[in-house]
Structure formats: C-alpha cells, structure tokens
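Dumped structure15.pdb below, it's PDB, C-alpha atoms and all ligand atoms:
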```pdb
ATOM      1  CA  MET A   1       0.000   0.000   0.000
ATOM      2  CA  GLU A   2       0.955   3.640  -0.480
ATOM      3  CA  ILE A   3       0.381   6.787   1.531
ATOM      4  CA  GLN A   4      -0.019  10.124  -0.229
ATOM      5  CA  LEU A   5      -0.930  13.705   0.538
ATOM      6  CA  GLY A   6      -3.756  14.975  -1.661
ATOM      7  CA  ASP A   7      -7.402  15.396  -2.573
ATOM      8  CA  ILE A   8      -9.203  12.087  -3.128
ATOM      9  CA  THR A   9     -11.641  13.663  -5.619
ATOM     10  CA  LYS A  10      -8.696  13.985  -8.041
ATOM     11  CA  SER A  11      -7.712  10.312  -7.732
ATOM     12  CA  LYS A  12      -7.740   8.171 -10.872
ATOM     13  CA  ALA A  13      -8.069   4.965  -8.858
ATOM     14  CA  ASP A  14     -10.674   2.493 -10.118
ATOM     15  CA  ALA A  15     -12.569   3.074  -6.872
ATOM     16  CA  ILE A  16     -12.391   5.821  -4.269
ATOM     17  CA  VAL A  17     -13.930   5.320  -0.848
ATOM     18  CA  ASN A  18     -16.205   7.903   0.729
ATOM     19  CA  ALA A  19     -16.274   8.446   4.510
ATOM     20  CA  ALA A  20     -20.053   8.763   4.496
ATOM     21  CA  ASN A  21     -22.774   8.797   7.153
ATOM     22  CA  THR A  22     -25.541   6.225   7.563
ATOM     23  CA  SER A  23     -28.004   8.269   5.475
ATOM     24  CA  LEU A  24     -25.639   8.091   2.446
ATOM     25  CA  LEU A  25     -27.173  11.433   1.456
ATOM     26  CA  GLY A  26     -24.010  13.529   1.663
ATOM     27  CA  GLY A  27     -22.513  15.773   4.317
ATOM     28  CA  GLY A  28     -19.402  17.838   4.971
ATOM     29  CA  GLY A  29     -15.717  16.913   4.825
ATOM     30  CA  VAL A  30     -14.608  14.401   2.232
ATOM     31  CA  ASP A  31     -18.242  13.314   1.662
ATOM     32  CA  GLY A  32     -19.224  16.852   0.627
ATOM     33  CA  ALA A  33     -16.164  17.153  -1.614
ATOM     34  CA  ILE A  34     -16.906  13.835  -3.366
ATOM     35  CA  HIS A  35     -20.575  14.732  -3.972
ATOM     36  CA  ARG A  36     -19.628  18.175  -5.352
ATOM     37  CA  ALA A  37     -17.057  16.715  -7.717
ATOM     38  CA  ALA A  38     -19.188  13.746  -8.861
ATOM     39  CA  GLY A  39     -22.270  15.872  -9.596
ATOM     40  CA  PRO A  40     -25.957  15.414  -8.646
ATOM     41  CA  LYS A  41     -26.301  11.932 -10.155
ATOM     42  CA  LEU A  42     -24.271  10.598  -7.233
ATOM     43  CA  LEU A  43     -26.896  11.709  -4.721
ATOM     44  CA  ALA A  44     -29.663  10.227  -6.887
ATOM     45  CA  ALA A  45     -27.803   6.882  -6.958
ATOM     46  CA  CYS A  46     -27.226   6.976  -3.184
ATOM     47  CA  ARG A  47     -30.919   7.614  -2.403
ATOM     48  CA  LYS A  48     -31.788   4.171  -3.764
ATOM     49  CA  PHE A  49     -29.929   2.422  -0.941
ATOM     50  CA  ASN A  50     -32.148   3.841   1.812
ATOM     51  CA  GLY A  51     -29.092   4.341   3.990
ATOM     52  CA  CYS A  52     -26.324   2.003   5.124
ATOM     53  CA  PRO A  53     -25.419   0.706   8.608
ATOM     54  CA  THR A  54     -22.101   1.741  10.168
ATOM     55  CA  GLY A  55     -19.248  -0.478   8.950
ATOM     56  CA  GLU A  56     -21.064  -1.706   5.836
ATOM     57  CA  ALA A  57     -20.375  -0.400   2.306
ATOM     58  CA  ARG A  58     -22.292   0.386  -0.896
ATOM     59  CA  ILE A  59     -21.000   1.031  -4.417
ATOM     60  CA  THR A  60     -22.067   3.549  -7.085
ATOM     61  CA  PRO A  61     -20.553   4.805 -10.324
ATOM     62  CA  GLY A  62     -18.149   7.744 -10.030
ATOM     63  CA  PHE A  63     -20.154   9.891 -12.473
ATOM     64  CA  LEU A  64     -18.092  13.069 -13.125
ATOM     65  CA  LEU A  65     -15.136  11.870 -11.027
ATOM     66  CA  PRO A  66     -11.986  10.426 -12.610
ATOM     67  CA  ALA A  67     -12.637   7.289 -10.513
ATOM     68  CA  LYS A  68     -14.889   4.605 -12.031
ATOM     69  CA  PHE A  69     -16.643   3.807  -8.739
ATOM     70  CA  VAL A  70     -17.342   5.380  -5.361
ATOM     71  CA  ILE A  71     -17.597   2.997  -2.414
ATOM     72  CA  HIS A  72     -19.545   4.630   0.404
ATOM     73  CA  THR A  73     -18.971   3.498   3.984
ATOM     74  CA  PRO A  74     -20.110   5.120   7.217
ATOM     75  CA  GLY A  75     -17.283   4.751   9.737
ATOM     76  CA  PRO A  76     -17.974   4.749  13.489
ATOM     77  CA  ILE A  77     -18.441   7.914  15.510
ATOM     78  CA  TRP A  78     -15.846   7.850  18.326
ATOM     79  CA  GLN A  79     -17.663   7.506  21.644
ATOM     80  CA  GLY A  80     -14.727   6.697  23.928
ATOM     81  CA  GLY A  81     -13.747   3.268  22.592
ATOM     82  CA  GLN A  82     -16.219   0.968  24.356
ATOM     83  CA  LYS A  83     -18.888   1.006  21.643
ATOM     84  CA  HIS A  84     -17.230  -1.441  19.219
ATOM     85  CA  GLU A  85     -15.578   1.462  17.386
ATOM     86  CA  ALA A  86     -12.424  -0.532  16.476
ATOM     87  CA  GLN A  87     -14.385  -3.459  15.021
ATOM     88  CA  LEU A  88     -16.701  -1.112  13.125
ATOM     89  CA  LEU A  89     -13.760   0.788  11.628
ATOM     90  CA  ARG A  90     -12.123  -2.526  10.603
ATOM     91  CA  ASN A  91     -15.447  -3.507   8.998
ATOM     92  CA  SER A  92     -15.542  -0.259   6.993
ATOM     93  CA  TYR A  93     -12.128  -0.962   5.448
ATOM     94  CA  GLN A  94     -12.767  -4.689   5.000
ATOM     95  CA  ASN A  95     -16.248  -4.343   3.448
ATOM     96  CA  SER A  96     -15.051  -1.540   1.140
ATOM     97  CA  LEU A  97     -12.161  -3.680  -0.085
ATOM     98  CA  ALA A  98     -14.453  -6.695  -0.574
ATOM     99  CA  LEU A  99     -16.729  -4.583  -2.806
ATOM    100  CA  ALA A 100     -13.730  -3.286  -4.767
ATOM    101  CA  GLU A 101     -12.629  -6.889  -5.299
ATOM    102  CA  LYS A 102     -16.143  -7.932  -6.387
ATOM    103  CA  TYR A 103     -16.206  -5.118  -8.973
ATOM    104  CA  ALA A 104     -12.744  -6.103 -10.257
ATOM    105  CA  CYS A 105     -11.054  -2.862  -9.186
ATOM    106  CA  GLN A 106      -7.267  -2.993  -9.412
ATOM    107  CA  THR A 107      -6.630   0.294  -7.621
ATOM    108  CA  VAL A 108      -8.469   1.693  -4.598
ATOM    109  CA  ALA A 109      -8.014   5.003  -2.754
ATOM    110  CA  PHE A 110      -9.174   5.618   0.839
ATOM    111  CA  PRO A 111      -9.507   8.794   2.876
ATOM    112  CA  SER A 112      -8.796   8.637   6.608
ATOM    113  CA  ILE A 113     -12.197   7.248   7.642
ATOM    114  CA  SER A 114     -13.701   8.541  10.914
ATOM    115  CA  THR A 115     -10.755  10.783  11.927
ATOM    116  CA  GLY A 116     -12.428  14.076  10.929
ATOM    117  CA  VAL A 117     -15.877  15.002  12.245
ATOM    118  CA  TYR A 118     -16.255  11.494  13.728
ATOM    119  CA  ALA A 119     -13.222  12.136  16.009
ATOM    120  CA  TYR A 120     -11.655   8.657  15.994
ATOM    121  CA  PRO A 121      -8.137   9.046  17.504
ATOM    122  CA  LEU A 122      -5.774   9.322  14.545
ATOM    123  CA  ALA A 123      -2.955   6.948  15.538
ATOM    124  CA  ALA A 124      -5.384   4.187  16.522
ATOM    125  CA  ALA A 125      -7.413   4.618  13.331
ATOM    126  CA  ALA A 126      -4.253   4.522  11.207
ATOM    127  CA  ASN A 127      -3.111   1.250  12.818
ATOM    128  CA  ILE A 128      -6.483  -0.369  12.070
ATOM    129  CA  ALA A 129      -6.525   0.910   8.476
ATOM    130  CA  VAL A 130      -2.990  -0.279   7.705
ATOM    131  CA  ALA A 131      -3.422  -3.730   9.280
ATOM    132  CA  THR A 132      -6.763  -4.336   7.552
ATOM    133  CA  ILE A 133      -5.504  -3.192   4.142
ATOM    134  CA  GLN A 134      -2.216  -5.121   4.358
ATOM    135  CA  ASN A 135      -4.023  -8.304   5.425
ATOM    136  CA  PHE A 136      -6.516  -7.930   2.611
ATOM    137  CA  LEU A 137      -3.799  -7.431  -0.019
ATOM    138  CA  LYS A 138      -2.201 -10.779   0.926
ATOM    139  CA  GLN A 139      -5.161 -12.664  -0.569
ATOM    140  CA  ALA A 140      -6.670 -10.192  -3.056
ATOM    141  CA  LYS A 141      -7.013 -11.363  -6.649
ATOM    142  CA  GLN A 142      -8.204  -8.139  -8.310
ATOM    143  CA  VAL A 143      -7.078  -5.334  -6.017
ATOM    144  CA  GLN A 144      -3.369  -4.665  -6.589
ATOM    145  CA  GLN A 145      -2.750  -1.243  -5.102
ATOM    146  CA  VAL A 146      -4.389   0.599  -2.212
ATOM    147  CA  THR A 147      -3.551   4.253  -1.565
ATOM    148  CA  MET A 148      -4.386   6.216   1.584
ATOM    149  CA  ILE A 149      -4.963   9.782   0.432
ATOM    150  CA  CYS A 150      -4.343  12.092   3.371
ATOM    151  CA  PHE A 151      -5.650  15.653   3.262
ATOM    152  CA  ASP A 152      -3.062  17.118   5.653
ATOM    153  CA  GLU A 153       0.470  16.371   6.793
ATOM    154  CA  VAL A 154      -0.401  15.377  10.358
ATOM    155  CA  THR A 155      -2.697  12.688   8.973
ATOM    156  CA  MET A 156      -0.107  11.586   6.422
ATOM    157  CA  ARG A 157       2.575  11.214   9.101
ATOM    158  CA  ALA A 158       0.241   9.129  11.261
ATOM    159  CA  TYR A 159      -0.360   6.661   8.409
ATOM    160  CA  GLN A 160       3.354   6.570   7.518
ATOM    161  CA  ARG A 161       4.123   5.747  11.146
ATOM    162  CA  ALA A 162       1.430   3.053  11.235
ATOM    163  CA  LEU A 163       2.791   1.453   8.056
ATOM    164  CA  THR A 164       6.393   1.528   9.315
ATOM    165  CA  ASP A 165       5.307  -0.082  12.599
ATOM    166  CA  HIS A 166       3.226  -2.693  10.785
ATOM    167  CA  LEU A 167       6.108  -3.671   8.488
ATOM    168  CA  LYS A 168       8.483  -3.909  11.476
ATOM    169  CA  ASN A 169       6.124  -6.217  13.372
ATOM    170  CA  THR A 170       5.157  -8.590  10.560
TER     171      THR A 170
HETATM  172  N1  LIG B 201      -9.593  14.250   0.092
HETATM  173  C1  LIG B 201      -9.063  13.448   1.041
HETATM  174  N2  LIG B 201      -9.339  13.581   2.346
HETATM  175  C2  LIG B 201     -10.187  14.567   2.714
HETATM  176  C3  LIG B 201     -10.796  15.449   1.791
HETATM  177  C4  LIG B 201     -10.468  15.258   0.415
HETATM  178  N3  LIG B 201     -10.986  16.021  -0.533
HETATM  179  N4  LIG B 201     -11.585  16.313   2.492
HETATM  180  C5  LIG B 201     -11.463  16.011   3.796
HETATM  181  N5  LIG B 201     -10.626  14.963   3.943
HETATM  182  P1  LIG B 201     -14.413  13.615   7.523
HETATM  183  P2  LIG B 201     -15.410  11.322   9.119
HETATM  184  C6  LIG B 201     -10.169  14.274   5.173
HETATM  185  O1  LIG B 201     -14.855  14.559   8.583
HETATM  186  O2  LIG B 201     -14.577  11.701  10.283
HETATM  187  C7  LIG B 201     -19.233  13.975   6.788
HETATM  188  O3  LIG B 201     -20.047  15.084   7.028
HETATM  189  C8  LIG B 201     -10.306  14.987   6.498
HETATM  190  O4  LIG B 201      -9.285  15.975   6.637
HETATM  191  O5  LIG B 201     -14.676  13.962   6.105
HETATM  192  O6  LIG B 201     -15.464   9.881   8.708
HETATM  193  C9  LIG B 201     -20.030  12.689   6.542
HETATM  194  O7  LIG B 201     -21.246  12.949   5.873
HETATM  195  C10 LIG B 201     -10.107  13.820   7.456
HETATM  196  O8  LIG B 201      -8.713  13.523   7.583
HETATM  197  O9  LIG B 201     -15.035  12.125   7.753
HETATM  198  C11 LIG B 201     -20.258  12.179   7.929
HETATM  199  O10 LIG B 201     -21.372  12.787   8.533
HETATM  200  C12 LIG B 201     -10.792  12.659   6.707
HETATM  201  O11 LIG B 201     -10.945  13.108   5.358
HETATM  202  C13 LIG B 201     -18.995  12.567   8.668
HETATM  203  O12 LIG B 201     -18.475  13.713   7.968
HETATM  204  C14 LIG B 201     -12.148  12.257   7.249
HETATM  205  O13 LIG B 201     -12.839  13.401   7.729
HETATM  206  C15 LIG B 201     -17.937  11.483   8.603
HETATM  207  O14 LIG B 201     -16.856  11.837   9.426
END
```

Could you write out this file's structure as structure tokens?
Amino acid sequence: MEIQLGDITKSKADAIVNAANTSLLGGGGVDGAIHRAAGPKLLAACRKFNGCPTGEARITPGFLLPAKFVIHTPGPIWQGGQKHEAQLLRNSYQNSLALAEKYACQTVAFPSISTGVYAYPLAAAANIAVATIQNFLKQAKQVQQVTMICFDEVTMRAYQRALTDHLKNT
C-alpha cells in the first residue's frame, strides 16, 4: 500500500472510498467534496440504498469523477472506545475492499475514515486501516494497489508511522 498527501476527488483509482454517514445522502468533509465533484447523479444513486449501517459499504458509479466507482462506507463515531468502534472501523475498510474486489477494481483510494468530524483518535485509526488493508492485499485477486490519500500532513505522518510499525512487526 501507499500513503499520499492529496485530494481524493482527483484520484484516478478504479474506486475511491467515501467516509459517508448512515443516510448516504451527503454531508461535509470528504463526503461533501466527493458529492460536489461527482455531480448530482451521485446523490440520486445513493438515495436508492435507503441508507447504510455503520461499517457496511455500498458502491455507485463515479459519475463526473476520474474514478470509475465510489464505495460509500459510514465509519464509526468515536464515543470513547467501548462502543465497538475498532471493530466497526475494521469492517468499513474490510467491506469496502471486498466490494472493490467484487467489482474487479485494481486500484483503490481511501480517505482517513472517521478521523475528521467522527473524532476517531488518529494513531489508533491509522493502525487499524494499515493492518486491515495489508491483510486484505495478501489474498486479493483483483485489487493490486491501495492508496491512503491524506488531506493534511499530520494525517499523512500518522499513516506513515502506522505502516512503518506494521512492516516492522510482521
Ligand atoms: N480528500 C481526502 N481527504 C479529505 C478530503 C479530500 N478532498 N476532504 C477532507 N478529507 P471527515 P469522518 C479528510 O470529517 O470523520 C461527513 O459530514 C479529512 O481531513 O470527512 O469519517 C459525513 O457525511 C479527514 O482527515 O469524515 C459524515 O457525517 C478525513 O478526510 C462525517 O463527515 C475524514 O474526515 C464522517 O466523518
């Protein structure tokens, strides 16, 4: 996997992942940016799902985005760590990757799910993301490259640290 600084709406990956909410009807942060860049057809496609539970994932076309698909997953809202947040965040990465695999995506780009408005502690979230992605890549048949696209340097450094630690310990 790779870690980059950038704007996920510019990514040419086969699929980009959206840090959505359970309504799947858009919001602020990366969700707002993806809906603005994809155009109004994205919202129309999302309405058909009637929402999505935390940790699950749904796929739509990318419409006006360079990416072919958008995979929408609501990550957990941080509530102190005793509300299954870690498992739910793992599920968001795992279920998004499983959908990418099912749709024969070779390249997938993720934002830092749940570490913005949802307030998941950054270092802990980065460790979960890296471990889940690296484990998935060991057995993936379609997905070849996964990129974490970090919007700021603090976030990028946290994911770089998580990847370095993961590679040291495996
Ligand atoms: N490209 C990549 N990363 C971005 C971009 C971008 N264009 N814009 C923001 N980020 P957040 P959450 C980063 O709050 O915590 C929405 O309203 C951002 O800096 O977008 O999962 C949804 O509708 C941060 O590092 O997502 C939900 O209601 C990361 O993306 C709620 O926010 C995630 O921040 C989801 O909260």

Evaluate the PyMOL selection byres (((not hetatm)) within 10 of (chain B and resi 201)) and record the selected residues as a PyMOL selection string, following the chain and residue labels used in the document. chain A and resi 4-11+16-34+37+73-78+89+109-120+122+148-156

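Across the model, the gap from CA of Asp14 in chain A to CA of Phe49 in chain A is 21.3 Å.
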
Hits of the PyMOL selection byres (((chain A and resi 46) around 9) and not hetatm) in this structure, as a PyMOL selection string: chain A and resi 23-26+41-45+47-51+58-60+72

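For the pair CA of Ala67 in chain A and CA of Ser96 in chain A, the interatomic distance is 14.8 Å.
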
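For the set A:Phe136, A:Tyr93, A:Tyr103, A:Tyr159, the residue with the smallest atom-to-atom gap to Ala57 in chain A is A:Tyr93, counting all atoms listed in the file.
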
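With only C-alpha atoms as the basis for measurement, A:Ala38 is the residue among A:Ala158, A:Cys52, A:Ala124, A:Ala38 that approaches Val70 in chain A most closely.
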
Would you mind listing what lies within 7 Å of range 104-107 of chain A as a ChimeraX atom specification, with all atoms listed in the file counted and same-chain residues fewer than 5 positions away left out? /A:13-15,142-146

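Of note, CA of Gln87 in chain A and CA of Gln160 in chain A are spaced 21.7 Å apart.
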
If the PyMOL selection byres (((chain A and resi 162) around 10) and not hetatm) were run on this exact file, what residues would it hold? Put them as a ChimeraX atom specification. /A:123-131,156-161,163-168

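Nearest-residue note for Asn135 in chain A: choosing from A:Gly62, A:Phe69, A:Arg90, A:Pro53, the minimum distance belongs to A:Arg90, counting all atoms listed in the file.
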
Leu137 in chain A proximity check over A:Lys102, A:Asn169, A:Lys68, A:Leu97, using only C-alpha atoms: winner is A:Leu97

Taking every listed atom of range 56-75 of chain A and adding 5 Å to each side, what centre and edge lengths in Å (one decimal) does the axis-aligned box have, as AutoDock Vina command-line options?
```
--center_x -17.1 --center_y 5.7 --center_z -1.7 --size_x 20.3 --size_y 24.8 --size_z 32.9
```

Where atoms are missing, can you supply N, CA and C atoms for range 111-146 of chain A and output the lot as a short mmCIF file (atom, residue, chain, number, x, y, z; two decimals), in the coordinates of the input?
```cif
data_model
loop_
_atom_site.label_atom_id
_atom_site.label_comp_id
_atom_site.auth_asym_id
_atom_site.auth_seq_id
_atom_site.Cartn_x
_atom_site.Cartn_y
_atom_site.Cartn_z
N PRO A 111 -9.81 7.67 1.99
CA PRO A 111 -9.51 8.79 2.88
C PRO A 111 -9.32 8.23 4.29
N SER A 112 -8.97 9.07 5.21
CA SER A 112 -8.80 8.64 6.61
C SER A 112 -10.17 8.58 7.27
N ILE A 113 -10.81 7.41 7.18
CA ILE A 113 -12.20 7.25 7.64
C ILE A 113 -12.31 7.50 9.15
N SER A 114 -13.30 8.27 9.52
CA SER A 114 -13.70 8.54 10.91
C SER A 114 -12.78 9.48 11.69
N THR A 115 -11.67 9.95 11.12
CA THR A 115 -10.76 10.78 11.93
C THR A 115 -11.01 12.28 11.78
N GLY A 116 -12.06 12.67 11.04
CA GLY A 116 -12.43 14.08 10.93
C GLY A 116 -13.54 14.38 11.93
N VAL A 117 -14.71 14.69 11.41
CA VAL A 117 -15.88 15.00 12.24
C VAL A 117 -16.18 13.87 13.23
N TYR A 118 -15.92 12.63 12.87
CA TYR A 118 -16.26 11.49 13.73
C TYR A 118 -15.24 11.25 14.85
N ALA A 119 -14.12 12.01 14.84
CA ALA A 119 -13.22 12.14 16.01
C ALA A 119 -12.54 10.86 16.48
N TYR A 120 -12.39 9.87 15.61
CA TYR A 120 -11.66 8.66 15.99
C TYR A 120 -10.19 9.06 16.19
N PRO A 121 -9.54 8.66 17.29
CA PRO A 121 -8.14 9.05 17.50
C PRO A 121 -7.26 8.59 16.33
N LEU A 122 -6.46 9.53 15.82
CA LEU A 122 -5.77 9.32 14.54
C LEU A 122 -4.82 8.13 14.54
N ALA A 123 -3.96 8.03 15.56
CA ALA A 123 -2.96 6.95 15.54
C ALA A 123 -3.64 5.58 15.59
N ALA A 124 -4.66 5.46 16.40
CA ALA A 124 -5.38 4.19 16.52
C ALA A 124 -6.11 3.85 15.21
N ALA A 125 -6.72 4.85 14.60
CA ALA A 125 -7.41 4.62 13.33
C ALA A 125 -6.42 4.21 12.25
N ALA A 126 -5.26 4.84 12.23
CA ALA A 126 -4.25 4.52 11.21
C ALA A 126 -3.76 3.09 11.37
N ASN A 127 -3.55 2.64 12.60
CA ASN A 127 -3.11 1.25 12.82
C ASN A 127 -4.15 0.26 12.30
N ILE A 128 -5.41 0.53 12.54
CA ILE A 128 -6.48 -0.37 12.07
C ILE A 128 -6.55 -0.37 10.54
N ALA A 129 -6.46 0.81 9.94
CA ALA A 129 -6.52 0.91 8.48
C ALA A 129 -5.38 0.13 7.84
N VAL A 130 -4.17 0.36 8.31
CA VAL A 130 -2.99 -0.28 7.70
C VAL A 130 -3.06 -1.80 7.87
N ALA A 131 -3.38 -2.28 9.05
CA ALA A 131 -3.42 -3.73 9.28
C ALA A 131 -4.50 -4.38 8.41
N THR A 132 -5.66 -3.75 8.32
CA THR A 132 -6.76 -4.34 7.55
C THR A 132 -6.42 -4.36 6.06
N ILE A 133 -5.87 -3.27 5.57
CA ILE A 133 -5.50 -3.19 4.14
C ILE A 133 -4.39 -4.19 3.82
N GLN A 134 -3.35 -4.23 4.64
CA GLN A 134 -2.22 -5.12 4.36
C GLN A 134 -2.65 -6.59 4.39
N ASN A 135 -3.50 -6.93 5.35
CA ASN A 135 -4.02 -8.30 5.42
C ASN A 135 -4.84 -8.64 4.20
N PHE A 136 -5.67 -7.70 3.78
CA PHE A 136 -6.52 -7.93 2.61
C PHE A 136 -5.67 -8.17 1.37
N LEU A 137 -4.63 -7.35 1.19
CA LEU A 137 -3.80 -7.43 -0.02
C LEU A 137 -3.09 -8.78 -0.15
N LYS A 138 -2.87 -9.47 0.97
CA LYS A 138 -2.20 -10.78 0.93
C LYS A 138 -2.99 -11.79 0.11
N GLN A 139 -4.34 -11.66 0.12
CA GLN A 139 -5.16 -12.66 -0.57
C GLN A 139 -6.00 -12.09 -1.70
N ALA A 140 -5.84 -10.81 -2.01
CA ALA A 140 -6.67 -10.19 -3.06
C ALA A 140 -6.28 -10.73 -4.43
N LYS A 141 -7.28 -10.90 -5.28
CA LYS A 141 -7.01 -11.36 -6.65
C LYS A 141 -7.10 -10.22 -7.64
N GLN A 142 -8.01 -9.27 -7.40
CA GLN A 142 -8.20 -8.14 -8.31
C GLN A 142 -7.46 -6.89 -7.83
N VAL A 143 -7.65 -6.57 -6.57
CA VAL A 143 -7.08 -5.33 -6.02
C VAL A 143 -5.57 -5.49 -5.89
N GLN A 144 -4.84 -4.59 -6.58
CA GLN A 144 -3.37 -4.66 -6.59
C GLN A 144 -2.73 -3.57 -5.76
N GLN A 145 -3.37 -2.38 -5.78
CA GLN A 145 -2.75 -1.24 -5.10
C GLN A 145 -3.81 -0.48 -4.31
N VAL A 146 -3.51 -0.20 -3.06
CA VAL A 146 -4.39 0.60 -2.21
C VAL A 146 -3.60 1.82 -1.76
#
```
